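So this one's input_0.pdb, PDB, C-alpha atoms:
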```pdb
MODEL        1
ATOM      1  CA  GLN A  25      64.072  39.483 -35.617  1.00  0.00           C
ATOM      2  CA  LYS A  26      66.651  42.198 -36.121  1.00  0.00           C
ATOM      3  CA  GLU A  27      70.055  40.790 -36.968  1.00  0.00           C
ATOM      4  CA  VAL A  28      73.553  42.097 -36.481  1.00  0.00           C
ATOM      5  CA  GLU A  29      76.252  40.060 -38.171  1.00  0.00           C
ATOM      6  CA  GLN A  30      79.964  40.128 -37.564  1.00  0.00           C
ATOM      7  CA  ASN A  31      82.831  37.984 -38.750  1.00  0.00           C
ATOM      8  CA  SER A  32      83.554  35.880 -35.713  1.00  0.00           C
ATOM      9  CA  GLY A  33      87.252  35.709 -36.490  1.00  0.00           C
ATOM     10  CA  PRO A  34      89.577  35.268 -34.880  1.00  0.00           C
ATOM     11  CA  LEU A  35      91.378  38.107 -36.593  1.00  0.00           C
ATOM     12  CA  SER A  36      95.108  38.204 -36.066  1.00  0.00           C
ATOM     13  CA  VAL A  37      97.296  41.153 -37.064  1.00  0.00           C
ATOM     14  CA  PRO A  38     100.882  42.151 -36.282  1.00  0.00           C
ATOM     15  CA  GLU A  39     101.649  45.090 -34.063  1.00  0.00           C
ATOM     16  CA  GLY A  40     101.510  48.348 -35.984  1.00  0.00           C
ATOM     17  CA  ALA A  41      99.130  47.046 -38.640  1.00  0.00           C
ATOM     18  CA  ILE A  42      95.567  48.162 -39.365  1.00  0.00           C
ATOM     19  CA  ALA A  43      92.837  45.912 -38.007  1.00  0.00           C
ATOM     20  CA  SER A  44      89.548  46.031 -39.883  1.00  0.00           C
ATOM     21  CA  LEU A  45      86.359  44.828 -38.220  1.00  0.00           C
ATOM     22  CA  ASN A  46      83.094  44.575 -40.102  1.00  0.00           C
ATOM     23  CA  CYS A  47      79.430  44.479 -39.205  1.00  0.00           C
ATOM     24  CA  THR A  48      76.169  44.319 -41.153  1.00  0.00           C
ATOM     25  CA  TYR A  49      72.664  44.871 -39.852  1.00  0.00           C
ATOM     26  CA  SER A  50      69.234  43.918 -41.095  1.00  0.00           C
ATOM     27  CA  ASP A  51      67.039  46.868 -40.033  1.00  0.00           C
ATOM     28  CA  ARG A  52      67.404  49.501 -42.737  1.00  0.00           C
ATOM     29  CA  GLY A  53      65.947  52.188 -40.507  1.00  0.00           C
ATOM     30  CA  SER A  54      68.514  51.805 -37.725  1.00  0.00           C
ATOM     31  CA  GLN A  55      69.998  55.121 -36.681  1.00  0.00           C
ATOM     32  CA  SER A  56      72.661  54.541 -34.031  1.00  0.00           C
ATOM     33  CA  PHE A  57      75.648  52.247 -34.140  1.00  0.00           C
ATOM     34  CA  PHE A  58      78.169  51.371 -31.472  1.00  0.00           C
ATOM     35  CA  TRP A  59      81.429  49.527 -31.156  1.00  0.00           C
ATOM     36  CA  TYR A  60      82.323  47.946 -27.829  1.00  0.00           C
ATOM     37  CA  ARG A  61      85.569  46.373 -26.755  1.00  0.00           C
ATOM     38  CA  GLN A  62      85.411  43.479 -24.313  1.00  0.00           C
ATOM     39  CA  TYR A  63      88.471  42.070 -22.657  1.00  0.00           C
ATOM     40  CA  SER A  64      88.255  38.511 -21.416  1.00  0.00           C
ATOM     41  CA  GLY A  65      86.381  38.391 -18.134  1.00  0.00           C
ATOM     42  CA  LYS A  66      85.399  42.052 -18.307  1.00  0.00           C
ATOM     43  CA  SER A  67      82.252  43.917 -19.266  1.00  0.00           C
ATOM     44  CA  PRO A  68      81.899  45.704 -22.626  1.00  0.00           C
ATOM     45  CA  GLU A  69      83.440  49.152 -22.924  1.00  0.00           C
ATOM     46  CA  LEU A  70      82.155  51.678 -25.458  1.00  0.00           C
ATOM     47  CA  ILE A  71      84.896  52.843 -27.801  1.00  0.00           C
ATOM     48  CA  MET A  72      83.018  54.409 -30.728  1.00  0.00           C
ATOM     49  CA  PHE A  73      79.550  55.458 -31.756  1.00  0.00           C
ATOM     50  CA  ILE A  74      78.384  56.752 -35.116  1.00  0.00           C
ATOM     51  CA  TYR A  75      75.071  58.094 -36.359  1.00  0.00           C
ATOM     52  CA  SER A  76      75.798  59.594 -39.790  1.00  0.00           C
ATOM     53  CA  ASN A  77      77.067  58.143 -43.022  1.00  0.00           C
ATOM     54  CA  GLY A  78      80.785  58.465 -43.515  1.00  0.00           C
ATOM     55  CA  ASP A  79      83.783  58.243 -41.257  1.00  0.00           C
ATOM     56  CA  LYS A  80      84.273  59.210 -37.657  1.00  0.00           C
ATOM     57  CA  GLU A  81      87.743  59.261 -36.209  1.00  0.00           C
ATOM     58  CA  ASP A  82      88.854  59.159 -32.588  1.00  0.00           C
ATOM     59  CA  GLY A  83      92.553  58.663 -32.054  1.00  0.00           C
ATOM     60  CA  ARG A  84      93.595  55.359 -33.581  1.00  0.00           C
ATOM     61  CA  PHE A  85      89.985  54.315 -34.134  1.00  0.00           C
ATOM     62  CA  THR A  86      87.841  55.092 -37.175  1.00  0.00           C
ATOM     63  CA  ALA A  87      84.224  54.046 -37.483  1.00  0.00           C
ATOM     64  CA  GLN A  88      82.715  53.936 -40.959  1.00  0.00           C
ATOM     65  CA  LEU A  89      78.991  53.839 -41.678  1.00  0.00           C
ATOM     66  CA  ASN A  90      77.231  53.133 -44.945  1.00  0.00           C
ATOM     67  CA  LYS A  91      73.491  53.069 -44.376  1.00  0.00           C
ATOM     68  CA  ALA A  92      72.685  52.244 -47.995  1.00  0.00           C
ATOM     69  CA  SER A  93      74.709  49.053 -47.682  1.00  0.00           C
ATOM     70  CA  GLN A  94      73.674  48.526 -44.036  1.00  0.00           C
ATOM     71  CA  TYR A  95      77.303  48.234 -43.133  1.00  0.00           C
ATOM     72  CA  VAL A  96      79.415  49.607 -40.300  1.00  0.00           C
ATOM     73  CA  SER A  97      83.094  48.996 -39.739  1.00  0.00           C
ATOM     74  CA  LEU A  98      85.821  49.778 -37.245  1.00  0.00           C
ATOM     75  CA  LEU A  99      89.414  50.391 -38.228  1.00  0.00           C
ATOM     76  CA  ILE A 100      92.158  50.288 -35.650  1.00  0.00           C
ATOM     77  CA  ARG A 101      95.364  51.917 -36.849  1.00  0.00           C
ATOM     78  CA  ASP A 102      98.790  51.166 -35.400  1.00  0.00           C
ATOM     79  CA  SER A 103      97.357  48.129 -33.602  1.00  0.00           C
ATOM     80  CA  GLN A 104      98.858  47.350 -30.221  1.00  0.00           C
ATOM     81  CA  PRO A 105      98.891  44.110 -28.243  1.00  0.00           C
ATOM     82  CA  SER A 106      96.643  45.888 -25.728  1.00  0.00           C
ATOM     83  CA  ASP A 107      93.980  46.057 -28.459  1.00  0.00           C
ATOM     84  CA  SER A 108      93.637  42.281 -28.263  1.00  0.00           C
ATOM     85  CA  ALA A 109      90.017  41.769 -27.227  1.00  0.00           C
ATOM     86  CA  THR A 110      86.601  40.898 -28.575  1.00  0.00           C
ATOM     87  CA  TYR A 111      84.908  43.736 -30.449  1.00  0.00           C
ATOM     88  CA  LEU A 112      81.132  43.873 -30.375  1.00  0.00           C
ATOM     89  CA  CYS A 113      79.028  45.742 -32.892  1.00  0.00           C
ATOM     90  CA  ALA A 114      75.706  47.016 -31.546  1.00  0.00           C
ATOM     91  CA  VAL A 115      72.748  48.668 -33.242  1.00  0.00           C
ATOM     92  CA  LYS A 116      70.059  50.631 -31.463  1.00  0.00           C
ATOM     93  CA  ASP A 117      66.487  49.642 -32.158  1.00  0.00           C
ATOM     94  CA  ARG A 118      64.891  52.621 -33.849  1.00  0.00           C
ATOM     95  CA  GLY A 119      61.376  51.286 -33.630  1.00  0.00           C
ATOM     96  CA  SER A 120      61.167  51.068 -29.894  1.00  0.00           C
ATOM     97  CA  THR A 121      61.006  53.732 -27.237  1.00  0.00           C
ATOM     98  CA  LEU A 122      62.837  51.366 -24.947  1.00  0.00           C
ATOM     99  CA  GLY A 123      66.189  52.122 -26.536  1.00  0.00           C
ATOM    100  CA  ARG A 124      67.466  48.577 -26.564  1.00  0.00           C
ATOM    101  CA  LEU A 125      70.603  47.453 -28.375  1.00  0.00           C
ATOM    102  CA  TYR A 126      71.067  44.487 -30.669  1.00  0.00           C
ATOM    103  CA  PHE A 127      74.530  42.955 -30.506  1.00  0.00           C
ATOM    104  CA  GLY A 128      76.558  40.963 -32.965  1.00  0.00           C
ATOM    105  CA  ARG A 129      78.420  37.879 -31.806  1.00  0.00           C
ATOM    106  CA  GLY A 130      81.692  39.762 -31.686  1.00  0.00           C
ATOM    107  CA  THR A 131      85.030  39.503 -33.481  1.00  0.00           C
ATOM    108  CA  GLN A 132      88.016  38.299 -31.521  1.00  0.00           C
ATOM    109  CA  LEU A 133      91.118  40.324 -32.362  1.00  0.00           C
ATOM    110  CA  THR A 134      94.656  39.292 -31.515  1.00  0.00           C
ATOM    111  CA  VAL A 135      97.532  41.705 -32.077  1.00  0.00           C
ATOM    112  CA  TRP A 136     100.864  39.939 -31.902  1.00  0.00           C
ATOM    113  CA  PRO A 137     104.126  41.728 -31.159  1.00  0.00           C
TER     114      PRO A 137
ATOM    115  CA  SER B  23      79.816  58.039 -18.407  1.00  0.00           C
ATOM    116  CA  ALA B  24      77.573  56.755 -15.661  1.00  0.00           C
ATOM    117  CA  VAL B  25      79.190  54.661 -12.998  1.00  0.00           C
ATOM    118  CA  ILE B  26      77.336  51.437 -12.307  1.00  0.00           C
ATOM    119  CA  SER B  27      78.123  49.359  -9.259  1.00  0.00           C
ATOM    120  CA  GLN B  28      77.084  45.753  -9.776  1.00  0.00           C
ATOM    121  CA  LYS B  29      77.271  42.991  -7.232  1.00  0.00           C
ATOM    122  CA  PRO B  30      78.056  40.260  -6.595  1.00  0.00           C
ATOM    123  CA  SER B  31      80.905  40.050  -9.084  1.00  0.00           C
ATOM    124  CA  ARG B  32      80.711  36.282  -9.081  1.00  0.00           C
ATOM    125  CA  ASP B  33      78.982  33.450  -7.317  1.00  0.00           C
ATOM    126  CA  ILE B  34      78.764  29.692  -7.355  1.00  0.00           C
ATOM    127  CA  CYS B  35      75.287  28.460  -6.565  1.00  0.00           C
ATOM    128  CA  GLN B  36      73.536  25.155  -6.088  1.00  0.00           C
ATOM    129  CA  ARG B  37      70.886  24.172  -8.573  1.00  0.00           C
ATOM    130  CA  GLY B  38      67.386  24.958  -7.439  1.00  0.00           C
ATOM    131  CA  THR B  39      68.406  28.051  -5.499  1.00  0.00           C
ATOM    132  CA  SER B  40      68.026  31.724  -6.427  1.00  0.00           C
ATOM    133  CA  LEU B  41      70.495  34.579  -6.729  1.00  0.00           C
ATOM    134  CA  THR B  42      69.730  38.288  -6.679  1.00  0.00           C
ATOM    135  CA  ILE B  43      72.012  40.646  -8.569  1.00  0.00           C
ATOM    136  CA  GLN B  44      72.047  44.336  -7.723  1.00  0.00           C
ATOM    137  CA  CYS B  45      72.932  47.369  -9.812  1.00  0.00           C
ATOM    138  CA  GLN B  46      73.352  50.861  -8.409  1.00  0.00           C
ATOM    139  CA  VAL B  47      73.798  53.807 -10.779  1.00  0.00           C
ATOM    140  CA  ASP B  48      75.417  57.066  -9.729  1.00  0.00           C
ATOM    141  CA  SER B  49      72.683  59.156 -11.350  1.00  0.00           C
ATOM    142  CA  GLN B  50      68.998  58.838 -12.090  1.00  0.00           C
ATOM    143  CA  VAL B  51      68.094  56.930 -15.236  1.00  0.00           C
ATOM    144  CA  THR B  52      64.726  56.145 -16.743  1.00  0.00           C
ATOM    145  CA  MET B  53      65.502  52.675 -18.008  1.00  0.00           C
ATOM    146  CA  MET B  54      67.865  49.949 -16.943  1.00  0.00           C
ATOM    147  CA  PHE B  55      68.627  46.952 -19.105  1.00  0.00           C
ATOM    148  CA  TRP B  56      69.556  43.454 -18.012  1.00  0.00           C
ATOM    149  CA  TYR B  57      71.640  41.280 -20.351  1.00  0.00           C
ATOM    150  CA  ARG B  58      72.957  37.742 -20.266  1.00  0.00           C
ATOM    151  CA  GLN B  59      76.175  36.652 -21.911  1.00  0.00           C
ATOM    152  CA  GLN B  60      76.626  32.913 -22.136  1.00  0.00           C
ATOM    153  CA  PRO B  61      80.133  31.508 -22.558  1.00  0.00           C
ATOM    154  CA  GLY B  62      81.593  32.464 -25.904  1.00  0.00           C
ATOM    155  CA  GLN B  63      78.414  34.258 -26.941  1.00  0.00           C
ATOM    156  CA  SER B  64      77.285  37.814 -27.401  1.00  0.00           C
ATOM    157  CA  LEU B  65      74.899  39.748 -25.210  1.00  0.00           C
ATOM    158  CA  THR B  66      71.233  38.843 -25.087  1.00  0.00           C
ATOM    159  CA  LEU B  67      68.723  41.244 -23.592  1.00  0.00           C
ATOM    160  CA  ILE B  68      66.676  39.700 -20.804  1.00  0.00           C
ATOM    161  CA  ALA B  69      64.434  42.614 -19.902  1.00  0.00           C
ATOM    162  CA  THR B  70      64.097  46.355 -19.626  1.00  0.00           C
ATOM    163  CA  ALA B  71      63.246  47.833 -16.232  1.00  0.00           C
ATOM    164  CA  ASN B  72      61.379  51.114 -15.863  1.00  0.00           C
ATOM    165  CA  GLN B  73      60.858  52.680 -12.504  1.00  0.00           C
ATOM    166  CA  GLY B  74      57.280  52.355 -11.341  1.00  0.00           C
ATOM    167  CA  SER B  75      56.146  49.820 -13.899  1.00  0.00           C
ATOM    168  CA  GLU B  76      56.492  46.161 -14.724  1.00  0.00           C
ATOM    169  CA  ALA B  77      59.653  45.147 -16.516  1.00  0.00           C
ATOM    170  CA  THR B  78      59.387  44.313 -20.202  1.00  0.00           C
ATOM    171  CA  TYR B  79      60.762  40.869 -20.991  1.00  0.00           C
ATOM    172  CA  GLU B  80      62.245  39.657 -24.252  1.00  0.00           C
ATOM    173  CA  SER B  81      61.090  36.541 -25.994  1.00  0.00           C
ATOM    174  CA  GLY B  82      62.320  33.480 -24.146  1.00  0.00           C
ATOM    175  CA  PHE B  83      62.556  35.174 -20.766  1.00  0.00           C
ATOM    176  CA  VAL B  84      59.756  35.170 -18.191  1.00  0.00           C
ATOM    177  CA  ILE B  85      59.106  37.034 -14.992  1.00  0.00           C
ATOM    178  CA  ASP B  86      58.829  33.901 -12.877  1.00  0.00           C
ATOM    179  CA  LYS B  87      62.362  32.908 -13.810  1.00  0.00           C
ATOM    180  CA  PHE B  88      63.921  36.383 -13.852  1.00  0.00           C
ATOM    181  CA  PRO B  89      61.963  38.691 -11.558  1.00  0.00           C
ATOM    182  CA  ILE B  90      63.160  42.284 -11.642  1.00  0.00           C
ATOM    183  CA  SER B  91      62.684  45.096  -9.186  1.00  0.00           C
ATOM    184  CA  ARG B  92      63.119  48.791  -9.894  1.00  0.00           C
ATOM    185  CA  PRO B  93      62.257  50.635  -6.688  1.00  0.00           C
ATOM    186  CA  ASN B  94      63.795  53.972  -7.729  1.00  0.00           C
ATOM    187  CA  LEU B  95      65.652  55.699 -10.540  1.00  0.00           C
ATOM    188  CA  THR B  96      69.123  54.607  -9.448  1.00  0.00           C
ATOM    189  CA  PHE B  97      68.696  50.969  -8.459  1.00  0.00           C
ATOM    190  CA  SER B  98      67.515  47.649  -9.866  1.00  0.00           C
ATOM    191  CA  THR B  99      67.780  43.978  -9.045  1.00  0.00           C
ATOM    192  CA  LEU B 100      67.562  40.871 -11.190  1.00  0.00           C
ATOM    193  CA  THR B 101      66.853  37.527  -9.567  1.00  0.00           C
ATOM    194  CA  VAL B 102      67.745  34.266 -11.267  1.00  0.00           C
ATOM    195  CA  SER B 103      65.279  31.778  -9.794  1.00  0.00           C
ATOM    196  CA  ASN B 104      65.309  28.020  -9.467  1.00  0.00           C
ATOM    197  CA  MET B 105      68.702  27.883 -11.094  1.00  0.00           C
ATOM    198  CA  SER B 106      70.005  25.110 -13.319  1.00  0.00           C
ATOM    199  CA  PRO B 107      73.460  24.665 -14.863  1.00  0.00           C
ATOM    200  CA  GLU B 108      72.107  26.243 -18.059  1.00  0.00           C
ATOM    201  CA  ASP B 109      71.822  29.533 -16.175  1.00  0.00           C
ATOM    202  CA  SER B 110      75.596  29.689 -15.822  1.00  0.00           C
ATOM    203  CA  SER B 111      76.413  32.959 -17.556  1.00  0.00           C
ATOM    204  CA  ILE B 112      77.584  36.483 -17.057  1.00  0.00           C
ATOM    205  CA  TYR B 113      74.755  38.841 -16.179  1.00  0.00           C
ATOM    206  CA  LEU B 114      75.136  42.531 -16.917  1.00  0.00           C
ATOM    207  CA  CYS B 115      73.092  45.615 -16.238  1.00  0.00           C
ATOM    208  CA  SER B 116      73.263  48.616 -18.531  1.00  0.00           C
ATOM    209  CA  VAL B 117      71.976  52.155 -18.777  1.00  0.00           C
ATOM    210  CA  GLU B 118      71.696  54.532 -21.690  1.00  0.00           C
ATOM    211  CA  ARG B 119      73.743  57.707 -21.572  1.00  0.00           C
ATOM    212  CA  VAL B 120      73.966  60.636 -23.970  1.00  0.00           C
ATOM    213  CA  TYR B 121      76.604  58.972 -26.116  1.00  0.00           C
ATOM    214  CA  GLY B 122      75.948  55.290 -25.752  1.00  0.00           C
ATOM    215  CA  TYR B 123      75.314  52.668 -23.173  1.00  0.00           C
ATOM    216  CA  THR B 124      77.360  51.874 -20.089  1.00  0.00           C
ATOM    217  CA  PHE B 125      77.588  48.456 -18.500  1.00  0.00           C
ATOM    218  CA  GLY B 126      78.081  47.293 -14.978  1.00  0.00           C
ATOM    219  CA  SER B 127      81.095  45.125 -14.230  1.00  0.00           C
ATOM    220  CA  GLY B 128      79.037  41.963 -14.560  1.00  0.00           C
ATOM    221  CA  THR B 129      78.128  39.011 -12.374  1.00  0.00           C
ATOM    222  CA  ARG B 130      79.699  35.694 -13.288  1.00  0.00           C
ATOM    223  CA  LEU B 131      77.293  32.979 -12.180  1.00  0.00           C
ATOM    224  CA  THR B 132      78.177  29.313 -12.036  1.00  0.00           C
ATOM    225  CA  VAL B 133      75.437  26.833 -11.153  1.00  0.00           C
ATOM    226  CA  VAL B 134      76.541  23.435  -9.932  1.00  0.00           C
TER     227      VAL B 134
ENDMDL
END
```

Can you turn what I pasted into structure tokens?
Amino acid sequence: QKEVEQNSGPLSVPEGAIASLNCTYSDRGSQSFFWYRQYSGKSPELIMFIYSNGDKEDGRFTAQLNKASQYVSLLIRDSQPSDSATYLCAVKDRGSTLGRLYFGRGTQLTVWP
Amino acid sequence: SAVISQKPSRDICQRGTSLTIQCQVDSQVTMMFWYRQQPGQSLTLIATANQGSEATYESGFVIDKFPISRPNLTFSTLTVSNMSPEDSSIYLCSVERVYGYTFGSGTRLTVV
């Protein structure tokens, strides 16, 4: 069983701070990693994907991947109250042609003004 | 990103009945994925639907309980059969795009 682990939180940060969300995965051969944001009562929305070791930046979001440590993280700079949501880490199954994703349980983030 | 129209958005159903959820994608896709998200939980894959073949079910999910149809490359249905309160969840369809996976808006099912 492939596992994706996240700190369940909740994580609470003040407005303007950096929020750091972490995720580890069990399948060393995994190739594709995704971060989804899910507002309460809504479906998940893709905010970042990363395939290569290192950092990938998109606006206030930075995804970091370390395949040797089987670790992927998401940094949110200048956090805003509108960032308050559950963040889901997902890993694509490399061994299957079906392209399925494995999800972590999610980290609930609250940004307070 | 692909646009996925999912319906119904929510329903309240009596135990023992069945509900069919529909997903329509705005472009042709090879595979469609059906997930369940129980209250406070993450997403669990129910099955993968390929056009023209039987759906592939994950461990713990069976065709008799969750029959799936995939009549063409833009449409799929998931039926939740003989429902019990334990089936109360959000059901989501998803497709793979070039840069990730897109989800439908979800169906919030409550079984009473």

Chain A residues near chain B (9 Å cut-off, all atoms listed in the file) as an MDAnalysis selection string: chainID A and resid 56:58 65:70 72:73 112 122:130

Å distance separating atom CA of A:Asn77 from atom CA of A:Ser106, one decimal place: 28.9 Å

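Remark: for A:Ala92, the closest of the candidate residues A:Tyr49, A:Leu133, A:Ala114, A:Gly40 is A:Tyr49 (distances computed over only C-alpha atoms).
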
Any chance you could resolve the PyMOL selection byres ((chain A and resi 95) around 8) against this file and give the residues as a ChimeraX atom specification? /A:46-49,89-94,96-97

Pick out the closest residue to B:Cys35 from this set: B:Val120, B:Gly74, B:Asn104, B:Pro89. Count all atoms listed in the file. B:Asn104

Centre, edges in Å (one decimal): axis-aligned box, stretch 96-107 of chain B, 6 Å padding on all six sides, as JSON:
```
{"center_x": 69.4, "center_y": 39.6, "center_z": -11.7, "size_x": 20.2, "size_y": 41.9, "size_z": 18.4}
```

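With the shown file loaded, the PyMOL selection byres ((chain A and resi 42) around 7) picks out A:Gly40, A:Ala41, A:Ala43, A:Ser44, A:Leu99, A:Ile100, A:Arg101, A:Asp102, A:Ser103.
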
Residue by residue, what does the PyMOL selection byres ((chain B and resi 93-97) around 6) grab here? Present the result as a list in words. Cys45, Gln46, Val47, Gln50, Val51, Gln73, Arg92 and Ser98 of chain B

Take the residues just selected and output them with C-alpha atoms as a short mmCIF file (atom, residue, chain, number, x, y, z; two decimals), keeping the file's coordinate frame.
```cif
data_model
loop_
_atom_site.label_atom_id
_atom_site.label_comp_id
_atom_site.auth_asym_id
_atom_site.auth_seq_id
_atom_site.Cartn_x
_atom_site.Cartn_y
_atom_site.Cartn_z
CA CYS B 45 72.93 47.37 -9.81
CA GLN B 46 73.35 50.86 -8.41
CA VAL B 47 73.80 53.81 -10.78
CA GLN B 50 69.00 58.84 -12.09
CA VAL B 51 68.09 56.93 -15.24
CA GLN B 73 60.86 52.68 -12.50
CA ARG B 92 63.12 48.79 -9.89
CA SER B 98 67.52 47.65 -9.87
#
```

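Atom CA of A:Lys26 is positioned 26.4 Å from atom CA of A:Phe85.
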